[in-house]
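J.: This is the structure I have questions about; it appears just below.
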Amino acid sequence: MSFVRCLECPRCHSTYTATEIHNLCQCGSPLLVRYDLERLGQAVKKEDLKSRRADLWRYWEFLPLEREENIVSLGEGFTPIFTANNLGRELGFKHLYIKDEGLNPTGTFKARGAALGVSKAKELGIKAIAMPTAGNAGGAWSSYGAKAGMEMIIAMPVDAPDLAKKECVVSGARTYLVKGLISDAGKIIAQGVKKYGWFDASTLKEPYRIEGKKTMGLEIAEQFNWELPDAVLYPTGGGVGIIGIWKALQELQDIGWIKGPLPKMISVQAEGCSPIVKAFQEGKKESEFFHGAQTIAGGIRVPKALGDFLVLEAVYESGGTAVSVSDDEILAAVKLVARTEGMFICPEGAAAVAGAQKLLTSGFLKPDEKVVVLNTGSGLKYPEMVELDLPVLEKEAEI
């Protein structure tokens, strides 16, 4: 049974049916899935989750599929939240946690959005999907598209991580490299969509990727036994993750599963590409295009996010903030987390760790607050982050 009520524009509040194919609202805004939360809250209880499958599909009622047979799954979701005591002591936190999205299929949180996006596309009868990507989303959507038997067309910057390129290729996606940023790849995909009629799965240009990312918020609430943390830090590029988590928490609050204040939502970006941070500091509701974007954390190198107004809305409404960190701080955080917790995290996740450290120093975060950092991917997908200069021994040598 589906509890989907409609697709709604968060800007002009126009509504669309969820049983037809839609991309953006007529006003150009992303569309969000809206549910009959009163009926949903009556149909399912927290206790019902205990016996369910340990992936994101345990939250079926909160998701937009009509029929279970349309699920395209590789086992995504329900990633663990680790208590980072060693790292916390090093930084000065008493209650620091890392939710490790690197344990998803394809090695990043992008698997969540791909699972929902491809599953709903299958249900709607879509045969070909096209998208620009910084790398990991392309790899994820190519994998899930292959499982669903769909044609995938991917465009990414020429300097995207090699592993992401190989994921797309090995999954059979038509993969193109672009001499530019993800925004330039997006323009090329948009032309192809118009010419060939592919379905455009660019970030927030379809309503369902966000529903997959939303499950991170559902999991955080359940894994904390419905007693929410004080702050959630999220590395922000396109912003779907932070928008999705905030949407999930609002839905849980509406049906009465959680009470009290919601966590402060904190957007973390790189200094070399920080349009959300700049907009927040200026008190604006939207960001401006960030020229000359450059950072080692390719997943957050997004000069202008389509859903920037939704990211900023989550930050403002939750009493959160936006902070930027340098590439040197990102690299230092990668090494620090590995040394203290044994976790090889991605540069985007490391940016969130560095952001937490900076906000503790500034006093925005307090040492005794419960703070959750989202690591959005495995560091194993970024071997170039670690430089090797190792001693080479002769066979008879001693150490």
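How things are named: the first chain in the structure tokens is A, the next is B, and so on; residues count from 1 in each chain; ligands count from 1 in the order shown.
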Please run DSSP on the backbone and report, as a VMD selection string, all residues within segment 95-273 of chain A that come out as helix (DSSP H, G or I).
T.: chain A and resid 101 to 103 105 to 107 110 to 123 136 to 148 162 to 170 182 to 196 209 to 223 240 to 254
J.: So which residues touch Arg209 of chain A within 7 Å, counting only C-alpha atoms, skipping near sequence neighbours fewer than 5 positions away, as a VMD selection string?
T.: chain A and resid 113 to 114 116 to 117
J.: Extract, using only C-alpha atoms, all DNA, RNA and protein residues at most 9 Å from Pro235 of chain A, discarding same-chain residues fewer than 2 positions from it, and format them as a VMD selection string.
T.: chain A and resid 233 237 239 241 to 242 266 to 270 299 to 300 348 to 352 355 373 to 376
J.: Next, dump the selected residues to file, keeping only C-alpha atoms, as a JSON list (two decimals), in the first residue's frame.
T.:
```json
[["chain", "number", "residue", "atom", "x", "y", "z"],
["A", 233, "LEU", "CA", 26.94, 17.62, 9.95],
["A", 237, "GLY", "CA", 27.38, 19.62, -2.89],
["A", 239, "GLY", "CA", 22.48, 19.16, -1.10],
["A", 241, "GLY", "CA", 21.41, 14.46, 1.59],
["A", 242, "ILE", "CA", 20.81, 17.31, 4.00],
["A", 266, "ILE", "CA", 25.01, 21.89, 9.53],
["A", 267, "SER", "CA", 26.11, 22.24, 5.93],
["A", 268, "VAL", "CA", 29.85, 21.79, 5.35],
["A", 269, "GLN", "CA", 31.57, 22.86, 2.14],
["A", 270, "ALA", "CA", 35.10, 23.33, 0.85],
["A", 299, "GLY", "CA", 31.51, 15.40, -4.51],
["A", 300, "ILE", "CA", 31.03, 18.86, -3.01],
["A", 348, "GLU", "CA", 33.69, 14.77, 1.64],
["A", 349, "GLY", "CA", 33.19, 12.97, 4.94],
["A", 350, "ALA", "CA", 36.53, 14.33, 6.12],
["A", 351, "ALA", "CA", 35.27, 17.84, 5.32],
["A", 352, "ALA", "CA", 32.39, 17.24, 7.74],
["A", 355, "GLY", "CA", 33.82, 21.29, 10.04],
["A", 373, "VAL", "CA", 29.00, 13.36, 11.27],
["A", 374, "LEU", "CA", 27.98, 11.80, 7.96],
["A", 375, "ASN", "CA", 30.79, 10.07, 6.12],
["A", 376, "THR", "CA", 29.28, 9.85, 2.66]]
```
J.: Tell me which protein, DNA and RNA residues are within 10 Å of Val386 of chain A, counting only C-alpha atoms, leaving out same-chain ones fewer than 2 positions away, and put them as a list in words.
T.: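 Once the nearby chain positions are removed, what remains is Leu331, Val334, Lys335, Gly379, Tyr382, Pro383, Glu384, Leu388 and Asp389 of chain A.
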J.: Pull all heavy atoms from the residues just selected and write them as an mmCIF file, in the first residue's frame.
T.:
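Result file is again-v4.cif:
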```cif
data_model
loop_
_atom_site.group_PDB
_atom_site.id
_atom_site.type_symbol
_atom_site.label_atom_id
_atom_site.label_comp_id
_atom_site.auth_asym_id
_atom_site.auth_seq_id
_atom_site.Cartn_x
_atom_site.Cartn_y
_atom_site.Cartn_z
ATOM 1 N N LEU A 331 42.376 16.885 4.128
ATOM 2 C CA LEU A 331 43.385 15.828 4.097
ATOM 3 C C LEU A 331 43.841 15.452 5.507
ATOM 4 O O LEU A 331 44.049 14.268 5.815
ATOM 5 C CB LEU A 331 44.580 16.273 3.254
ATOM 6 C CG LEU A 331 44.348 16.326 1.748
ATOM 7 C CD1 LEU A 331 45.535 16.956 1.042
ATOM 8 C CD2 LEU A 331 44.088 14.933 1.191
ATOM 9 N N VAL A 334 41.171 13.222 7.049
ATOM 10 C CA VAL A 334 41.222 11.850 6.535
ATOM 11 C C VAL A 334 42.216 11.024 7.358
ATOM 12 O O VAL A 334 41.918 9.921 7.827
ATOM 13 C CB VAL A 334 41.635 11.826 5.040
ATOM 14 C CG1 VAL A 334 41.953 10.402 4.590
ATOM 15 C CG2 VAL A 334 40.520 12.392 4.174
ATOM 16 N N LYS A 335 43.405 11.578 7.559
ATOM 17 C CA LYS A 335 44.454 10.872 8.297
ATOM 18 C C LYS A 335 44.096 10.727 9.773
ATOM 19 O O LYS A 335 44.350 9.685 10.380
ATOM 20 C CB LYS A 335 45.784 11.613 8.136
ATOM 21 C CG LYS A 335 46.290 11.628 6.706
ATOM 22 C CD LYS A 335 47.563 12.455 6.573
ATOM 23 C CE LYS A 335 48.043 12.502 5.124
ATOM 24 N NZ LYS A 335 49.247 13.359 4.968
ATOM 25 N N GLY A 379 36.828 5.782 1.711
ATOM 26 C CA GLY A 379 38.087 6.331 1.228
ATOM 27 C C GLY A 379 38.770 5.432 0.224
ATOM 28 O O GLY A 379 39.648 5.876 -0.535
ATOM 29 N N TYR A 382 39.115 6.603 -3.204
ATOM 30 C CA TYR A 382 39.991 7.760 -3.446
ATOM 31 C C TYR A 382 41.430 7.419 -3.070
ATOM 32 O O TYR A 382 42.041 8.062 -2.207
ATOM 33 C CB TYR A 382 39.524 8.961 -2.622
ATOM 34 C CG TYR A 382 38.111 9.402 -2.883
ATOM 35 C CD1 TYR A 382 37.042 8.818 -2.214
ATOM 36 C CD2 TYR A 382 37.832 10.407 -3.802
ATOM 37 C CE1 TYR A 382 35.733 9.217 -2.448
ATOM 38 C CE2 TYR A 382 36.526 10.818 -4.045
ATOM 39 C CZ TYR A 382 35.489 10.214 -3.370
ATOM 40 O OH TYR A 382 34.196 10.612 -3.597
ATOM 41 N N PRO A 383 42.009 6.394 -3.691
ATOM 42 C CA PRO A 383 43.372 6.000 -3.308
ATOM 43 C C PRO A 383 44.395 7.108 -3.513
ATOM 44 O O PRO A 383 45.438 7.128 -2.854
ATOM 45 C CB PRO A 383 43.654 4.795 -4.219
ATOM 46 C CG PRO A 383 42.713 4.952 -5.374
ATOM 47 C CD PRO A 383 41.489 5.588 -4.796
ATOM 48 N N GLU A 384 44.083 8.049 -4.404
ATOM 49 C CA GLU A 384 45.029 9.134 -4.684
ATOM 50 C C GLU A 384 45.204 10.078 -3.495
ATOM 51 O O GLU A 384 46.139 10.889 -3.463
ATOM 52 C CB GLU A 384 44.581 9.921 -5.919
ATOM 53 C CG GLU A 384 43.309 10.743 -5.741
ATOM 54 C CD GLU A 384 42.029 9.935 -5.879
ATOM 55 O OE1 GLU A 384 42.100 8.723 -6.120
ATOM 56 O OE2 GLU A 384 40.953 10.546 -5.754
ATOM 57 N N LEU A 388 52.394 7.685 -1.070
ATOM 58 C CA LEU A 388 53.280 6.659 -0.530
ATOM 59 C C LEU A 388 54.741 7.012 -0.777
ATOM 60 O O LEU A 388 55.131 7.400 -1.890
ATOM 61 C CB LEU A 388 52.981 5.302 -1.180
ATOM 62 C CG LEU A 388 51.587 4.707 -0.928
ATOM 63 C CD1 LEU A 388 51.461 3.377 -1.659
ATOM 64 C CD2 LEU A 388 51.349 4.513 0.558
ATOM 65 N N ASP A 389 55.517 6.904 0.282
ATOM 66 C CA ASP A 389 56.970 7.048 0.189
ATOM 67 C C ASP A 389 57.554 6.038 1.170
ATOM 68 O O ASP A 389 57.984 6.380 2.279
ATOM 69 C CB ASP A 389 57.404 8.470 0.532
ATOM 70 C CG ASP A 389 58.902 8.674 0.355
ATOM 71 O OD1 ASP A 389 59.523 7.824 -0.306
ATOM 72 O OD2 ASP A 389 59.447 9.647 0.898
#
```
J.: I'd like a table as a Markdown table: residues in segment 205-304 of chain A with an atom no more than 12 Å from segment 173-183 of chain A, each row giving the shortest atom pair and its distance in Å to one decimal, only C-alpha atoms counted, sorted by chain and rising residue number.
T.:
```
| residue | atom | partner | partner_atom | distance |
| --- | --- | --- | --- | --- |
| A:Gly237 | CA | A:Ile182 | CA | 10.5 |
| A:Gly238 | CA | A:Ile182 | CA | 10.2 |
| A:Cys273 | CA | A:Leu181 | CA | 11.5 |
| A:Phe289 | CA | A:Ser183 | CA | 10.1 |
| A:Phe290 | CA | A:Ser183 | CA | 10.9 |
| A:His291 | CA | A:Leu181 | CA | 10.7 |
| A:Gly292 | CA | A:Leu181 | CA | 9.7 |
| A:Ala293 | CA | A:Leu181 | CA | 8.3 |
| A:Gln294 | CA | A:Leu181 | CA | 9.3 |
| A:Thr295 | CA | A:Leu181 | CA | 11.4 |
| A:Gly298 | CA | A:Ile182 | CA | 9.4 |
| A:Gly299 | CA | A:Ile182 | CA | 9.6 |
| A:Ile300 | CA | A:Ile182 | CA | 10.3 |
| A:Arg301 | CA | A:Ile182 | CA | 8.0 |
| A:Val302 | CA | A:Ile182 | CA | 6.8 |
| A:Pro303 | CA | A:Ser183 | CA | 7.4 |
| A:Lys304 | CA | A:Ser183 | CA | 7.8 |
```
J.: Tell me which protein, DNA and RNA residues are within 6 Å of Gly135 of chain A, counting only C-alpha atoms, leaving out same-chain ones fewer than 3 positions away, and put them as a list in words.
T.: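 That gives Gly138, Ala160 and Ala164 of chain A.
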J.: Mind writing the picked residues with N, CA and C atoms as a PDB file, in the first residue's frame?
T.:
```
ATOM      1  N   GLY A 138      27.109   8.710 -10.656  1.00  0.00           N
ATOM      2  CA  GLY A 138      27.125   8.013 -11.938  1.00  0.00           C
ATOM      3  C   GLY A 138      27.404   6.540 -11.771  1.00  0.00           C
ATOM      4  N   ALA A 160      37.145  13.522 -12.751  1.00  0.00           N
ATOM      5  CA  ALA A 160      36.409  12.723 -11.769  1.00  0.00           C
ATOM      6  C   ALA A 160      37.260  11.512 -11.369  1.00  0.00           C
ATOM      7  N   ALA A 164      35.199   5.820 -10.196  1.00  0.00           N
ATOM      8  CA  ALA A 164      33.818   6.133 -10.575  1.00  0.00           C
ATOM      9  C   ALA A 164      33.625   5.947 -12.080  1.00  0.00           C
TER      10      ALA A 164
END
```
J.: Give me the residues within 8 Å of Lys205 of chain A as a CSV table (one decimal) with all heavy atoms, in the first residue's frame, counting only C-alpha atoms and dropping any in the same chain fewer than 3 places off.
T.:
```csv
chain,number,residue,atom,x,y,z
A,23,ASN,N,9.6,15.9,-14.1
A,23,ASN,CA,10.9,16.3,-13.6
A,23,ASN,C,10.7,17.5,-12.7
A,23,ASN,O,10.3,17.4,-11.6
A,23,ASN,CB,11.8,16.7,-14.8
A,23,ASN,CG,12.3,15.4,-15.5
A,23,ASN,OD1,11.8,15.0,-16.5
A,23,ASN,ND2,13.3,14.8,-14.9
A,24,LEU,N,10.8,18.7,-13.2
A,24,LEU,CA,10.7,19.9,-12.4
A,24,LEU,C,9.3,20.5,-12.5
A,24,LEU,O,8.5,20.1,-13.4
A,24,LEU,CB,11.6,21.0,-12.9
A,24,LEU,CG,13.1,20.7,-12.8
A,24,LEU,CD1,13.9,21.8,-13.4
A,24,LEU,CD2,13.6,20.4,-11.4
A,30,PRO,N,12.5,22.1,-8.0
A,30,PRO,CA,12.3,20.7,-7.8
A,30,PRO,C,11.0,20.3,-7.2
A,30,PRO,O,10.3,21.1,-6.5
A,30,PRO,CB,13.4,20.4,-6.7
A,30,PRO,CG,14.4,21.5,-6.8
A,30,PRO,CD,13.6,22.7,-7.2
A,31,LEU,N,10.5,19.1,-7.4
A,31,LEU,CA,9.3,18.6,-6.8
A,31,LEU,C,9.6,17.6,-5.7
A,31,LEU,O,10.6,16.9,-5.7
A,31,LEU,CB,8.5,17.8,-7.9
A,31,LEU,CG,8.0,18.7,-9.0
A,31,LEU,CD1,7.3,17.8,-10.1
A,31,LEU,CD2,7.0,19.7,-8.6
A,200,ASP,N,15.7,12.7,-17.5
A,200,ASP,CA,16.8,13.5,-16.8
A,200,ASP,C,16.8,13.2,-15.3
A,200,ASP,O,15.9,13.6,-14.6
A,200,ASP,CB,16.6,15.0,-17.1
A,200,ASP,CG,17.7,15.8,-16.7
A,200,ASP,OD1,18.6,15.3,-15.9
A,200,ASP,OD2,17.8,17.0,-17.1
A,201,ALA,N,17.8,12.5,-14.9
A,201,ALA,CA,18.0,12.2,-13.5
A,201,ALA,C,19.0,13.1,-12.8
A,201,ALA,O,19.6,12.7,-11.8
A,201,ALA,CB,18.3,10.7,-13.3
A,202,SER,N,19.2,14.3,-13.3
A,202,SER,CA,20.1,15.2,-12.6
A,202,SER,C,19.7,15.5,-11.2
A,202,SER,O,18.5,15.3,-10.9
A,202,SER,CB,20.2,16.5,-13.4
A,202,SER,OG,20.5,16.3,-14.8
```
J.: Which is closest to Ala322 of chain A among A:Cys168, A:Met265, A:Leu380, A:Ile189, if we use only C-alpha atoms?
T.: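 Closest residue, counting only C-alpha atoms: A:Met265.
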J.: Within 12 Å of Val232 of chain A, counting only C-alpha atoms, which residues qualify if same-chain residues fewer than 6 places away don't, as a ChimeraX atom specification?
T.: /A:96-99,216-217,220-221,241-243,245-246,249,262-268,314-315,318-322,352-353,355-356,365,369-375
J.: If you run DSSP on the backbone here, which positions in segment 54-212 of chain A get strand (DSSP E or B)? Please write them as a PyMOL selection string.
T.: chain A and resi 81-83+95-100+108+128-132+151-157+174-178+199-200
J.: Restricting the calculation to only C-alpha atoms: of A:Ala354, A:Ile126, A:Leu7, A:Ala231, which residue gets closest to Pro367 of chain A?
T.: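 When distances to Pro367 of chain A are compared using only C-alpha atoms, the smallest one comes from A:Ala231.
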J.: So what do you get for atom CA of Ile71 of chain A versus atom CA of Ser119 of chain A, distance-wise?
T.: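 Separation of atom CA of Ile71 of chain A and atom CA of Ser119 of chain A: 5.2 Å.
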J.: Have a look at A:Gly145, A:Gly186, A:Ala305, A:Thr340 and name the one nearest to Arg89 of chain A; count only C-alpha atoms.
T.: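 Residue with the minimum atom-to-atom distance to Arg89 of chain A: A:Thr340.
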J.: Using only C-alpha atoms, which of A:Thr133, A:Ser29, A:Gln357, A:Gln253 sits nearest Ala185 of chain A?
T.: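 The closest residue to Ala185 of chain A is A:Thr133.
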